[in-house]
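The structure file query.cif is reproduced below (mmCIF, C-alpha atoms and all ligand atoms).
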```cif
data_final
loop_
_atom_site.label_atom_id
_atom_site.label_comp_id
_atom_site.auth_asym_id
_atom_site.auth_seq_id
_atom_site.Cartn_x
_atom_site.Cartn_y
_atom_site.Cartn_z
CA MET V 469 0.00 0.00 0.00
CA SER V 470 1.24 3.51 -0.77
CA ASN V 471 1.01 6.82 0.99
CA ILE V 472 0.53 9.43 -1.72
CA LEU V 473 0.78 13.19 -1.32
CA LEU V 474 -1.31 15.36 -3.62
CA VAL V 475 -0.38 19.04 -3.83
CA GLY V 476 -3.11 21.30 -5.21
CA ASN V 477 -6.65 22.38 -4.53
CA GLY V 478 -8.49 22.85 -7.84
CA ALA V 479 -10.95 20.79 -9.86
CA ARG V 480 -7.98 19.30 -11.74
CA GLU V 481 -6.59 18.04 -8.44
CA HIS V 482 -10.04 16.80 -7.38
CA ALA V 483 -10.04 14.65 -10.55
CA MET V 484 -6.49 13.50 -9.70
CA ALA V 485 -7.55 12.65 -6.13
CA GLU V 486 -10.47 10.64 -7.51
CA ALA V 487 -8.17 8.76 -9.93
CA ILE V 488 -5.84 7.95 -7.02
CA SER V 489 -8.74 6.86 -4.80
CA ARG V 490 -10.11 4.56 -7.53
CA SER V 491 -6.86 2.57 -7.50
CA GLY V 492 -7.12 -1.12 -6.76
CA GLN V 493 -3.98 -0.70 -4.67
CA ASN V 494 -5.99 1.06 -1.94
CA PRO V 495 -3.52 3.90 -1.43
CA PHE V 496 -3.75 6.42 1.39
CA LEU V 497 -4.15 9.95 0.08
CA PHE V 498 -2.73 12.98 1.89
CA SER V 499 -3.40 16.41 0.46
CA PHE V 500 -1.66 19.75 0.81
CA MET V 501 -3.92 22.58 -0.34
CA LYS V 502 -3.75 26.37 -0.29
CA ALA V 503 -7.55 26.51 0.12
CA ASN V 504 -9.90 23.83 1.35
CA ASN V 505 -11.37 21.81 -1.51
CA PRO V 506 -14.19 19.79 0.06
CA GLY V 507 -13.98 17.12 -2.66
CA ILE V 508 -10.26 16.49 -2.17
CA ALA V 509 -10.59 16.69 1.63
CA SER V 510 -13.30 14.03 1.60
CA LEU V 511 -11.00 11.63 -0.29
CA SER V 512 -7.96 12.30 1.92
CA GLU V 513 -6.80 10.65 5.13
CA ILE V 514 -5.41 13.99 6.23
CA SER V 515 -5.43 17.32 4.45
CA LYS V 516 -3.32 20.28 5.40
CA LEU V 517 -3.73 23.90 4.42
CA GLY V 518 -0.68 26.02 3.61
CA SER V 519 1.11 28.11 1.04
CA TYR V 520 2.71 26.52 -2.04
CA SER V 521 5.81 28.59 -1.38
CA ASP V 522 6.20 27.11 2.11
CA LEU V 523 8.37 24.20 1.01
CA SER V 524 9.30 23.18 4.54
CA ALA V 525 5.58 22.84 5.41
CA ILE V 526 5.10 20.58 2.37
CA THR V 527 8.18 18.43 3.01
CA GLY V 528 7.37 18.29 6.75
CA PHE V 529 3.82 17.08 5.98
CA ALA V 530 5.25 14.50 3.55
CA ARG V 531 7.77 13.20 6.06
CA ASP V 532 5.28 13.10 8.96
CA ASN V 533 3.02 10.91 6.85
CA LYS V 534 5.73 8.65 5.39
CA ILE V 535 4.82 9.62 1.84
CA ASP V 536 6.03 7.21 -0.86
CA PHE V 537 5.62 9.68 -3.70
CA ALA V 538 3.96 13.01 -4.42
CA VAL V 539 1.72 14.12 -7.29
CA ILE V 540 1.93 17.83 -8.01
CA GLY V 541 -1.12 19.47 -9.60
CA PRO V 542 -0.49 23.17 -10.32
CA GLU V 543 2.47 25.05 -11.76
CA ASP V 544 3.16 27.34 -8.79
CA PRO V 545 4.65 24.68 -6.46
CA LEU V 546 6.68 23.32 -9.42
CA ASN V 547 8.05 26.80 -10.02
CA ASN V 548 8.85 27.11 -6.31
CA GLY V 549 10.95 23.92 -6.46
CA VAL V 550 8.70 21.59 -4.47
CA VAL V 551 9.93 18.54 -6.39
CA ASP V 552 13.59 19.40 -5.69
CA ALA V 553 12.72 19.93 -2.00
CA LEU V 554 10.98 16.53 -1.74
CA ILE V 555 13.90 14.81 -3.50
CA GLN V 556 16.15 16.05 -0.66
CA TYR V 557 14.16 13.72 1.59
CA GLY V 558 14.15 10.82 -0.88
CA ILE V 559 10.55 11.43 -1.98
CA ALA V 560 9.92 11.22 -5.73
CA SER V 561 7.22 13.16 -7.53
CA ILE V 562 4.97 13.08 -10.53
CA GLY V 563 6.02 16.54 -11.63
CA PRO V 564 9.30 17.94 -12.90
CA GLU V 565 12.15 19.49 -10.93
CA LYS V 566 12.37 23.29 -11.09
CA SER V 567 14.95 23.35 -13.89
CA LEU V 568 12.73 21.07 -16.00
CA ALA V 569 9.54 22.91 -15.09
CA ARG V 570 11.00 25.83 -17.08
CA LEU V 571 9.22 24.03 -19.92
CA GLU V 572 6.21 25.95 -18.61
CA THR V 573 7.66 28.64 -16.38
CA SER V 574 9.93 30.16 -19.04
CA LYS V 575 8.51 30.41 -22.52
CA ALA V 576 11.88 31.75 -23.71
CA PHE V 577 13.61 28.61 -22.39
CA THR V 578 11.25 26.35 -24.33
CA ARG V 579 11.39 28.31 -27.59
CA ASN V 580 15.20 28.35 -27.42
CA LEU V 581 15.36 24.63 -26.56
CA VAL V 582 13.13 23.70 -29.50
CA ASN V 583 15.33 25.80 -31.80
CA LYS V 584 18.64 24.52 -30.41
CA TYR V 585 17.67 20.87 -30.96
CA ASN V 586 16.11 21.52 -34.39
CA ILE V 587 12.71 20.31 -33.26
CA PRO V 588 9.84 21.34 -35.55
CA GLY V 589 6.89 23.41 -34.33
CA ASN V 590 8.32 26.79 -33.37
CA PRO V 591 6.92 29.99 -34.89
CA LYS V 592 9.22 32.78 -36.07
CA PHE V 593 10.17 34.32 -32.74
CA LYS V 594 12.71 36.45 -30.91
CA VAL V 595 13.33 36.97 -27.22
CA TYR V 596 13.94 40.58 -26.17
CA THR V 597 15.43 41.86 -22.93
CA THR V 598 15.43 45.46 -24.23
CA PRO V 599 13.31 47.05 -26.99
CA ASP V 600 16.38 47.26 -29.29
CA GLY V 601 15.62 45.76 -32.69
CA LEU V 602 11.99 45.07 -31.81
CA GLU V 603 10.53 47.40 -34.39
CA ALA V 604 12.37 45.75 -37.28
CA PHE V 605 11.26 42.27 -36.20
CA LEU V 606 7.63 43.36 -35.83
CA ASP V 607 7.82 44.54 -39.45
CA GLN V 608 8.62 40.98 -40.56
CA LEU V 609 5.50 39.45 -38.97
CA ASP V 610 1.96 39.48 -40.40
CA GLY V 611 0.36 38.88 -37.02
CA VAL V 612 2.02 39.13 -33.64
CA VAL V 613 1.78 37.42 -30.25
CA LEU V 614 3.54 38.87 -27.18
CA LYS V 615 4.44 36.62 -24.25
CA PRO V 616 5.94 37.94 -21.04
CA ASP V 617 8.52 35.43 -19.77
CA GLY V 618 7.61 33.67 -16.52
CA LEU V 619 4.31 32.47 -15.05
CA THR V 620 1.35 34.71 -15.75
CA GLY V 621 -1.57 32.63 -14.45
CA GLY V 622 -2.61 31.85 -18.03
CA LYS V 623 -3.52 35.47 -18.71
CA GLY V 624 -0.28 37.09 -19.86
CA VAL V 625 -0.31 36.28 -23.57
CA LEU V 626 -1.29 39.24 -25.77
CA VAL V 627 -2.59 38.49 -29.25
CA GLN V 628 -2.88 40.92 -32.14
CA GLY V 629 -6.53 41.38 -33.04
CA ASP V 630 -7.66 40.45 -29.52
CA HIS V 631 -5.58 42.62 -27.20
CA PHE V 632 -4.04 45.16 -29.57
CA ASN V 633 -4.15 46.05 -33.25
CA SER V 634 -1.23 48.08 -34.54
CA LYS V 635 2.53 47.64 -34.54
CA ASP V 636 2.81 50.81 -32.45
CA GLU V 637 0.58 49.29 -29.79
CA ALA V 638 2.69 46.10 -29.84
CA LEU V 639 5.82 48.18 -29.27
CA LYS V 640 4.22 50.06 -26.41
CA LEU V 641 3.07 46.82 -24.79
CA CYS V 642 6.54 45.25 -25.13
CA ARG V 643 8.09 48.28 -23.42
CA GLN V 644 5.52 47.97 -20.66
CA ILE V 645 6.19 44.23 -20.22
CA LEU V 646 9.96 44.84 -20.06
CA LYS V 647 9.44 47.21 -17.12
CA GLU V 648 7.95 44.29 -15.16
CA ARG V 649 9.67 41.22 -16.63
CA SER V 650 13.20 40.31 -17.63
CA SER V 651 12.18 39.41 -21.16
CA VAL V 652 9.36 39.29 -23.67
CA ILE V 653 8.94 36.75 -26.46
CA VAL V 654 7.64 38.19 -29.72
CA GLU V 655 6.16 35.54 -32.00
CA GLU V 656 4.39 35.06 -35.30
CA LYS V 657 0.61 34.58 -34.86
CA PHE V 658 -0.89 31.40 -36.34
CA ASP V 659 -4.31 30.83 -37.85
CA GLY V 660 -5.75 27.41 -37.03
CA GLU V 661 -7.46 25.27 -34.42
CA GLU V 662 -5.95 24.61 -31.02
CA PHE V 663 -5.86 21.31 -29.18
CA SER V 664 -4.38 19.98 -25.95
CA LEU V 665 -2.16 16.92 -26.03
CA GLN V 666 -1.34 15.87 -22.47
CA CYS V 667 1.53 13.36 -22.45
CA LEU V 668 2.89 11.27 -19.60
CA CYS V 669 6.67 11.12 -19.43
CA ASP V 670 9.10 9.13 -17.27
CA GLY V 671 12.17 10.86 -18.69
CA LYS V 672 12.56 8.46 -21.64
CA THR V 673 9.12 7.32 -22.76
CA VAL V 674 6.35 9.68 -23.81
CA VAL V 675 2.76 8.39 -23.84
CA GLY V 676 -0.06 10.44 -25.35
CA THR V 677 -3.52 10.62 -23.78
CA PRO V 678 -6.85 11.44 -25.49
CA LEU V 679 -6.89 14.81 -27.23
CA VAL V 680 -8.98 17.56 -25.67
CA GLN V 681 -10.11 20.99 -26.84
CA ASP V 682 -10.44 23.72 -24.20
CA HIS V 683 -12.56 26.88 -24.57
CA LYS V 684 -10.85 29.96 -23.22
CA ARG V 685 -13.41 32.65 -23.94
CA ARG V 686 -15.91 33.51 -21.28
CA PHE V 687 -19.07 33.54 -23.43
CA ASP V 688 -20.80 31.33 -26.00
CA GLY V 689 -19.56 31.65 -29.57
CA ASP V 690 -16.01 32.28 -28.29
CA GLN V 691 -16.92 35.82 -27.27
CA GLY V 692 -15.71 37.90 -24.35
CA PRO V 693 -12.51 37.90 -22.33
CA ASN V 694 -10.06 35.01 -22.06
CA THR V 695 -10.41 32.92 -18.92
CA GLY V 696 -8.58 30.02 -17.31
CA GLY V 697 -10.85 27.79 -19.46
CA MET V 698 -14.65 27.51 -19.45
CA GLY V 699 -14.84 23.86 -20.43
CA SER V 700 -13.59 21.19 -22.79
CA TYR V 701 -14.56 18.06 -24.68
CA SER V 702 -12.99 14.87 -25.96
CA MET V 703 -14.26 12.33 -28.49
CA PRO V 704 -14.79 8.55 -28.20
CA ASP V 705 -11.94 7.90 -30.69
CA HIS V 706 -9.62 10.10 -28.57
CA LEU V 707 -8.96 12.35 -31.60
CA MET V 708 -10.31 15.76 -32.62
CA PRO V 709 -12.80 15.97 -35.51
CA PHE V 710 -10.86 18.75 -37.23
CA LEU V 711 -7.47 17.01 -37.13
CA LYS V 712 -5.73 14.53 -39.43
CA ASP V 713 -3.95 11.50 -37.93
CA SER V 714 -0.69 13.07 -39.08
CA ASP V 715 -1.42 16.15 -36.93
CA VAL V 716 -1.59 14.01 -33.81
CA GLU V 717 1.60 12.18 -34.75
CA GLU V 718 3.36 15.54 -35.31
CA GLY V 719 2.34 16.75 -31.83
CA LEU V 720 3.52 13.50 -30.26
CA GLU V 721 6.80 13.56 -32.16
CA ILE V 722 7.49 17.14 -31.07
CA THR V 723 6.88 16.12 -27.46
CA ARG V 724 9.13 13.05 -27.75
CA GLN V 725 11.92 15.22 -29.15
CA VAL V 726 11.43 17.87 -26.46
CA ALA V 727 11.62 15.22 -23.70
CA ALA V 728 14.90 13.95 -25.18
CA ALA V 729 16.22 17.52 -25.51
CA LEU V 730 15.35 18.26 -21.87
CA LEU V 731 17.35 15.23 -20.78
CA LYS V 732 20.35 16.30 -22.88
CA GLU V 733 20.14 19.90 -21.79
CA THR V 734 19.73 19.37 -18.03
CA GLY V 735 20.98 15.81 -17.49
CA LYS V 736 17.73 15.12 -15.62
CA PRO V 737 14.79 12.93 -16.63
CA TYR V 738 11.48 14.76 -16.89
CA LYS V 739 8.95 12.84 -14.79
CA GLY V 740 5.42 14.08 -15.04
CA VAL V 741 3.02 15.56 -17.53
CA MET V 742 4.09 17.41 -20.67
CA TYR V 743 0.92 19.18 -21.76
CA GLY V 744 1.42 20.60 -25.21
CA GLY V 745 -0.85 23.38 -26.39
CA PHE V 746 -0.73 22.86 -30.16
CA ILE V 747 -2.37 24.51 -33.15
CA ALA V 748 -3.11 22.82 -36.47
CA THR V 749 -2.24 25.29 -39.23
CA LYS V 750 -2.02 25.24 -43.02
CA ASN V 751 1.66 24.34 -42.55
CA GLY V 752 1.12 21.49 -40.11
CA VAL V 753 1.16 21.41 -36.33
CA LYS V 754 2.81 24.23 -34.40
CA LEU V 755 3.68 24.49 -30.74
CA LEU V 756 1.94 27.27 -28.82
CA GLU V 757 3.32 26.39 -25.41
CA TYR V 758 4.02 23.60 -22.97
CA ASN V 759 2.66 23.25 -19.48
CA ALA V 760 4.45 21.07 -16.94
CA ARG V 761 1.22 19.63 -15.49
CA PHE V 762 -2.23 18.39 -16.45
CA GLY V 763 -4.56 20.96 -17.97
CA ASP V 764 -7.41 22.46 -16.07
CA PRO V 765 -10.11 21.62 -17.25
CA GLU V 766 -8.49 19.01 -19.55
CA ALA V 767 -7.52 16.67 -16.67
CA MET V 768 -11.24 16.23 -15.97
CA ASN V 769 -11.75 14.89 -19.51
CA ILE V 770 -9.06 12.25 -19.45
CA LEU V 771 -8.55 11.02 -15.89
CA PRO V 772 -12.09 9.65 -15.43
CA LEU V 773 -11.60 7.65 -18.65
CA LEU V 774 -8.51 5.83 -17.41
CA LYS V 775 -8.89 2.05 -17.48
CA THR V 776 -5.32 1.62 -16.29
CA ASP V 777 -4.72 2.14 -12.58
CA PHE V 778 -3.49 5.74 -12.11
CA VAL V 779 -1.33 4.77 -9.13
CA ASP V 780 0.33 2.12 -11.30
CA ILE V 781 1.01 4.78 -13.94
CA CYS V 782 2.56 7.04 -11.27
CA LYS V 783 4.80 4.21 -10.05
CA HIS V 784 5.99 3.49 -13.60
CA ILE V 785 6.77 7.20 -14.06
CA VAL V 786 8.77 7.24 -10.82
CA ASN V 787 10.63 4.03 -11.78
CA GLY V 788 11.22 5.06 -15.40
CA THR V 789 9.37 2.02 -16.75
CA LEU V 790 6.45 3.60 -18.64
CA ASP V 791 7.52 1.63 -21.74
CA THR V 792 6.41 -1.59 -20.02
CA LEU V 793 2.90 -0.40 -19.13
CA LYS V 794 -0.11 -0.48 -21.44
CA ILE V 795 -2.12 2.66 -20.72
CA GLU V 796 -5.76 2.45 -21.78
CA PHE V 797 -8.73 4.82 -21.75
CA ASP V 798 -12.45 4.14 -22.19
CA GLN V 799 -13.64 4.86 -25.73
CA LYS V 800 -16.17 7.44 -24.55
CA ALA V 801 -16.89 11.10 -25.22
CA THR V 802 -16.51 13.63 -22.42
CA VAL V 803 -17.85 17.15 -22.01
CA CYS V 804 -16.66 19.32 -19.13
CA LYS V 805 -18.44 22.57 -18.28
CA TYR V 806 -17.14 24.91 -15.65
CA VAL V 807 -19.73 26.54 -13.43
CA VAL V 808 -18.39 30.03 -12.66
CA PRO V 809 -19.65 33.06 -10.74
CA LYS V 810 -21.74 35.22 -13.10
CA GLY V 811 -19.16 37.96 -12.74
CA TYR V 812 -16.18 35.72 -13.56
CA GLY V 813 -13.81 37.38 -16.02
CA LEU V 814 -15.82 40.62 -16.06
CA PRO V 815 -14.60 44.05 -14.89
CA ALA V 816 -15.03 44.80 -11.18
CA ASP V 817 -17.60 47.52 -11.95
CA HIS V 818 -19.83 45.14 -13.96
CA PRO V 819 -23.24 44.59 -12.27
CA ASP V 820 -22.62 40.80 -12.15
CA ALA V 821 -19.30 41.19 -10.32
CA ALA V 822 -21.20 41.01 -7.02
CA SER V 823 -21.93 37.32 -7.74
CA SER V 824 -18.51 36.46 -6.28
CA ARG V 825 -18.66 35.21 -2.70
CA ALA V 826 -22.40 34.42 -3.00
CA LYS V 827 -23.85 31.23 -1.57
CA ILE V 828 -24.65 28.30 -3.89
CA GLU V 829 -26.61 25.09 -3.49
CA VAL V 830 -25.44 21.85 -5.10
CA GLY V 831 -28.38 19.61 -6.01
CA ASP V 832 -28.43 16.20 -7.64
CA VAL V 833 -26.06 16.25 -10.63
CA GLY V 834 -27.43 12.92 -11.90
CA LYS V 835 -24.94 10.91 -13.95
CA ALA V 836 -22.50 13.84 -14.18
CA ARG V 837 -19.19 13.92 -12.29
CA LEU V 838 -18.64 16.91 -10.05
CA TYR V 839 -15.21 18.36 -9.30
CA TYR V 840 -14.88 21.25 -6.87
CA SER V 841 -12.59 24.14 -7.75
CA SER V 842 -12.70 27.56 -6.05
CA VAL V 843 -15.45 27.19 -3.49
CA ASP V 844 -15.40 28.11 0.15
CA LYS V 845 -17.08 25.60 2.46
CA LYS V 846 -18.45 27.36 5.53
CA GLU V 847 -20.56 26.01 8.35
CA ASP V 848 -23.77 27.16 6.69
CA GLY V 849 -22.93 25.94 3.19
CA LEU V 850 -20.91 26.47 0.06
CA TYR V 851 -19.81 29.89 -1.23
CA LEU V 852 -18.35 31.09 -4.52
CA SER V 853 -15.00 32.81 -4.76
CA SER V 854 -14.05 35.07 -7.68
CA SER V 855 -12.78 32.15 -9.79
CA ARG V 856 -14.10 29.01 -11.48
CA ALA V 857 -16.27 27.15 -8.96
CA ILE V 858 -17.18 23.62 -10.05
CA GLY V 859 -16.27 21.43 -13.03
CA ILE V 860 -19.15 19.25 -14.22
CA VAL V 861 -18.31 16.37 -16.55
CA GLY V 862 -20.58 14.23 -18.69
CA ILE V 863 -19.22 10.93 -19.97
CA ALA V 864 -21.08 8.81 -22.53
CA ASP V 865 -20.82 6.84 -25.77
CA THR V 866 -21.60 9.93 -27.85
CA LEU V 867 -20.75 13.61 -27.56
CA GLU V 868 -24.47 14.54 -27.54
CA GLU V 869 -25.16 12.28 -24.58
CA ALA V 870 -22.06 13.48 -22.74
CA ARG V 871 -23.15 17.08 -23.23
CA ASN V 872 -26.69 16.39 -22.08
CA ILE V 873 -25.35 14.76 -18.91
CA ALA V 874 -23.06 17.75 -18.29
CA VAL V 875 -25.88 20.27 -18.88
CA GLY V 876 -28.14 18.31 -16.50
CA GLY V 877 -25.41 18.44 -13.87
CA VAL V 878 -24.75 22.15 -14.34
CA LYS V 879 -28.44 22.93 -13.84
CA ALA V 880 -28.26 21.34 -10.39
CA ILE V 881 -25.96 24.16 -9.20
CA LYS V 882 -28.22 26.95 -7.92
CA GLY V 883 -27.02 30.49 -7.31
CA PRO V 884 -25.64 33.46 -9.29
CA VAL V 885 -23.61 31.22 -11.61
CA ALA V 886 -22.98 30.92 -15.33
CA TYR V 887 -21.59 28.37 -17.79
CA ARG V 888 -21.04 28.05 -21.52
CA GLU V 889 -24.01 26.40 -23.19
CA ASP V 890 -22.21 25.77 -26.49
CA ILE V 891 -19.29 23.62 -25.31
CA GLY V 892 -19.67 20.12 -26.73
CA THR V 893 -22.38 21.03 -29.26
CA ARG V 894 -22.19 19.72 -32.82
CA GLU V 895 -22.64 23.30 -34.08
CA LEU V 896 -19.51 24.56 -32.37
CA ILE V 897 -17.47 21.57 -33.46
CA GLN V 898 -18.72 21.98 -37.04
CA LYS V 899 -17.49 25.59 -36.88
CA ARG V 900 -14.02 24.26 -35.95
CA ILE V 901 -14.12 21.72 -38.81
CA ASN V 902 -15.20 24.38 -41.32
CA HIS V 903 -12.45 26.73 -40.11
CA MET V 904 -9.81 24.02 -40.53
CA ASN V 905 -11.16 22.98 -43.96
CA LYS V 906 -10.93 26.59 -45.14
CA ILE V 907 -7.35 26.85 -43.92
CA ARG V 908 -6.27 23.57 -45.50
CA ILE V 909 -7.83 24.47 -48.87
CA LYS V 910 -5.49 27.45 -49.00
CA GLN V 911 -2.59 25.00 -48.83
CA PRO V 912 -0.29 25.14 -51.88
CA PHE V 913 -0.33 22.05 -54.19
CA ASN V 914 3.20 21.02 -53.32
CA ALA V 915 2.59 21.20 -49.54
N1 LIG Y 1 -6.40 24.63 -20.10
C1 LIG Y 1 -5.50 25.65 -19.77
C2 LIG Y 1 -4.49 25.33 -18.75
O1 LIG Y 1 -4.61 24.35 -18.04
O2 LIG Y 1 -3.53 26.07 -18.62
#
```

Before anything else, please render the file you have as structure tokens.
Ligand code: GLY
Amino acid sequence: MSNILLVGNGAREHAMAEAISRSGQNPFLFSFMKANNPGIASLSEISKLGSYSDLSAITGFARDNKIDFAVIGPEDPLNNGVVDALIQYGIASIGPEKSLARLETSKAFTRNLVNKYNIPGNPKFKVYTTPDGLEAFLDQLDGVVLKPDGLTGGKGVLVQGDHFNSKDEALKLCRQILKERSSVIVEEKFDGEEFSLQCLCDGKTVVGTPLVQDHKRRFDGDQGPNTGGMGSYSMPDHLMPFLKDSDVEEGLEITRQVAAALLKETGKPYKGVMYGGFIATKNGVKLLEYNARFGDPEAMNILPLLKTDFVDICKHIVNGTLDTLKIEFDQKATVCKYVVPKGYGLPADHPDAASSRAKIEVGDVGKARLYYSSVDKKEDGLYLSSSRAIGIVGIADTLEEARNIAVGGVKAIKGPVAYREDIGTRELIQKRINHMNKIRIKQPFNA
């Protein structure tokens, strides 16, 4: 039997806690959370509250409870070096050491690594520490994306057309970013459809999991501000309806090459999740970014589908033997919808902003799975915070059924909440297919 430490307190970690608890190995789960997640707490032997920067609190909790290995959910503790700290006490983790977590925490590191090892997928890009030469490079790009280096909570990327329009504005924004950050990455903007490919890696072997598409915009029809993700879907064949098989293979091959490059570059095996945010374009698959963890919401799409014991997977990652394990997922569709406060993502002076901190009631979600995120459990009930509150997941043989289950579940959450109706609908997916078809038709004959 194993004692497993889970670090994290979101819906992603609730899904991870559930996958651990489902294990036939009957592990004991211990959780370290920065805010009390009632779902994770109910699955844990002991849960402790603390800051993700308090590494001695995390290692102390791990040692007190004779932890065999840790599973790290979010990027913040990875960036703080929690895996390195646990290694000092002989405790392995599913999650990379700090130098390897730069895959997510430094976009400049990853772009330079991909270039140095001649791995395909990079856009035209340059990293700037001063504005010198910026103007000339901006002139070479048709569309521009600006990325401050370092963690930005998923909200730092600035895209031409969404956040700014002209070259002058881009220059101004770069200057602003450089006042706050050591560097800014200026990249070519791609046209295409995005998908999430979450891979498991033991340092040598990379295993892909079912593809997922997240929906960043706050409102139906991909309108409104970007959010941490309003929901996601996956298909029974584990592919995306707008992708070719070769697109998936390209994403996997990029990830395999990046894992090998990380080993060469740092001398350390990457053990954990390499979550590639990819975009299918007219020129094949391109890399938008890597995250050093499961996606949120994407973890809620794939972990409930696991047929293989998650604890077994973790042990094979720790031991570097993923190549000997067959990892299988149910051939089902999933639709995840985040229930958020009505004011989520809206300016503080918006009339709906007051929905934060309101009380909610959770009724019967039927066949849907429920994963708590940012909720505050008080003596008299459950309260919203300002962030995403509850992930509701429908799982079924078809996408339609999965969506209906998710919608039924969402309707059981009463209070000043909102969700995206359109996630998982055929109409929205057809829009993605049409977009991709249009892009591919523009492909030159010799491509
Ligand atoms: N799905 C977005 C993220 O996990 O960063």

| task | Just the residues within 8 Å of range 748-756 of chain V, please, counting only C-alpha atoms, with nothing from its chain fewer than 3 positions along; format it as a ChimeraX atom specification. | result | /V:588-591,658-663,711,715,718-719,744-745,904,907-908,910-911,915

| Can you tell me, as number ranges by chain, which residues sit within 10 Å of (-2.8, 3.3, -14.3) in the file's frame, using all atoms listed in the file? | V: 487-488, 491-492, 771, 774-784, 793-797

Limited to C-alpha atoms, could you put the picked residues into a file as a tab-separated table (two decimals), keeping the file's coordinate frame?
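Writing the result to again_28.tsv gives the following:
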```tsv
chain	number	residue	atom	x	y	z
V	487	ALA	CA	-8.17	8.76	-9.93
V	488	ILE	CA	-5.84	7.95	-7.02
V	491	SER	CA	-6.86	2.57	-7.50
V	492	GLY	CA	-7.12	-1.12	-6.76
V	771	LEU	CA	-8.55	11.02	-15.89
V	774	LEU	CA	-8.51	5.83	-17.41
V	775	LYS	CA	-8.89	2.05	-17.48
V	776	THR	CA	-5.32	1.62	-16.29
V	777	ASP	CA	-4.72	2.14	-12.58
V	778	PHE	CA	-3.49	5.74	-12.11
V	779	VAL	CA	-1.33	4.77	-9.13
V	780	ASP	CA	0.33	2.12	-11.30
V	781	ILE	CA	1.01	4.78	-13.94
V	782	CYS	CA	2.56	7.04	-11.27
V	783	LYS	CA	4.80	4.21	-10.05
V	784	HIS	CA	5.99	3.49	-13.60
V	793	LEU	CA	2.90	-0.40	-19.13
V	794	LYS	CA	-0.11	-0.48	-21.44
V	795	ILE	CA	-2.12	2.66	-20.72
V	796	GLU	CA	-5.76	2.45	-21.78
V	797	PHE	CA	-8.73	4.82	-21.75
```

| When distances are computed from all atoms listed in the file, which of V:Pro704, V:Pro599, V:Gly692, V:Gly478 shows the smallest separation from ligand LIG 1 (chain Y)? |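 With all atoms listed in the file as the atom set, the closest residue is V:Gly478.
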
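Going from CA of Phe593 in chain V over to CA of Leu619 in chain V, you cover 18.7 Å.
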
Restrict the calculation to all atoms listed in the file, then for each residue of chain V with any atom at most 6 Å from an atom of ligand LIG 1 (chain Y) give the closest atom pair and their distance in Å to one decimal, rows by chain and rising residue number, as CSV.
```
residue,atom,partner,partner_atom,distance
V:Gly622,CA,Y:LIG1,O2,5.9
V:Asp682,CA,Y:LIG1,N1,5.8
V:Gly696,CA,Y:LIG1,C1,5.9
V:Gly697,CA,Y:LIG1,N1,5.5
V:Gly763,CA,Y:LIG1,O1,3.4
V:Asp764,CA,Y:LIG1,O1,3.9
V:Pro765,CA,Y:LIG1,N1,5.6
```

| said: So, with all atoms listed in the file as the atoms that count, which of V:Val674, V:Val551, V:Ala864, V:Val885 lies closest to Leu852 in chain V? | reply: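 Result for the nearest residue to Leu852 in chain V: V:Val885.
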
| task | For CA of Glu733 in chain V and CA of Val716 in chain V, quote the distance in Å rounded to one decimal. | result | 25.5 Å

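For the choices V:Asn586, V:Gln681, V:Ser561, V:Thr527, the atom-to-atom distance to Met708 in chain V is smallest for V:Gln681 when using all atoms listed in the file.
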
| said: I'd like to know which of V:Glu847, V:Asp832, V:Asp688, V:Glu656 is closest to Ile873 in chain V, using only C-alpha atoms. | reply: V:Asp832

Report, as lines of an AutoDock Vina configuration file, the centre and edge lengths in Å (one decimal) of the axis-aligned box enclosing every listed atom of range 502-507 of chain V, padded by 4 Å on each side.
```
center_x = -9.0
center_y = 21.8
center_z = -0.7
size_x = 18.4
size_y = 17.4
size_z = 12.0
```

| request: Skip Gly549 in chain V itself and residues of its chain fewer than 5 positions away, then list as a ChimeraX atom specification all residues within 9 Å of it, counting only C-alpha atoms. | output: /V:521,523,544,554,564-567,569
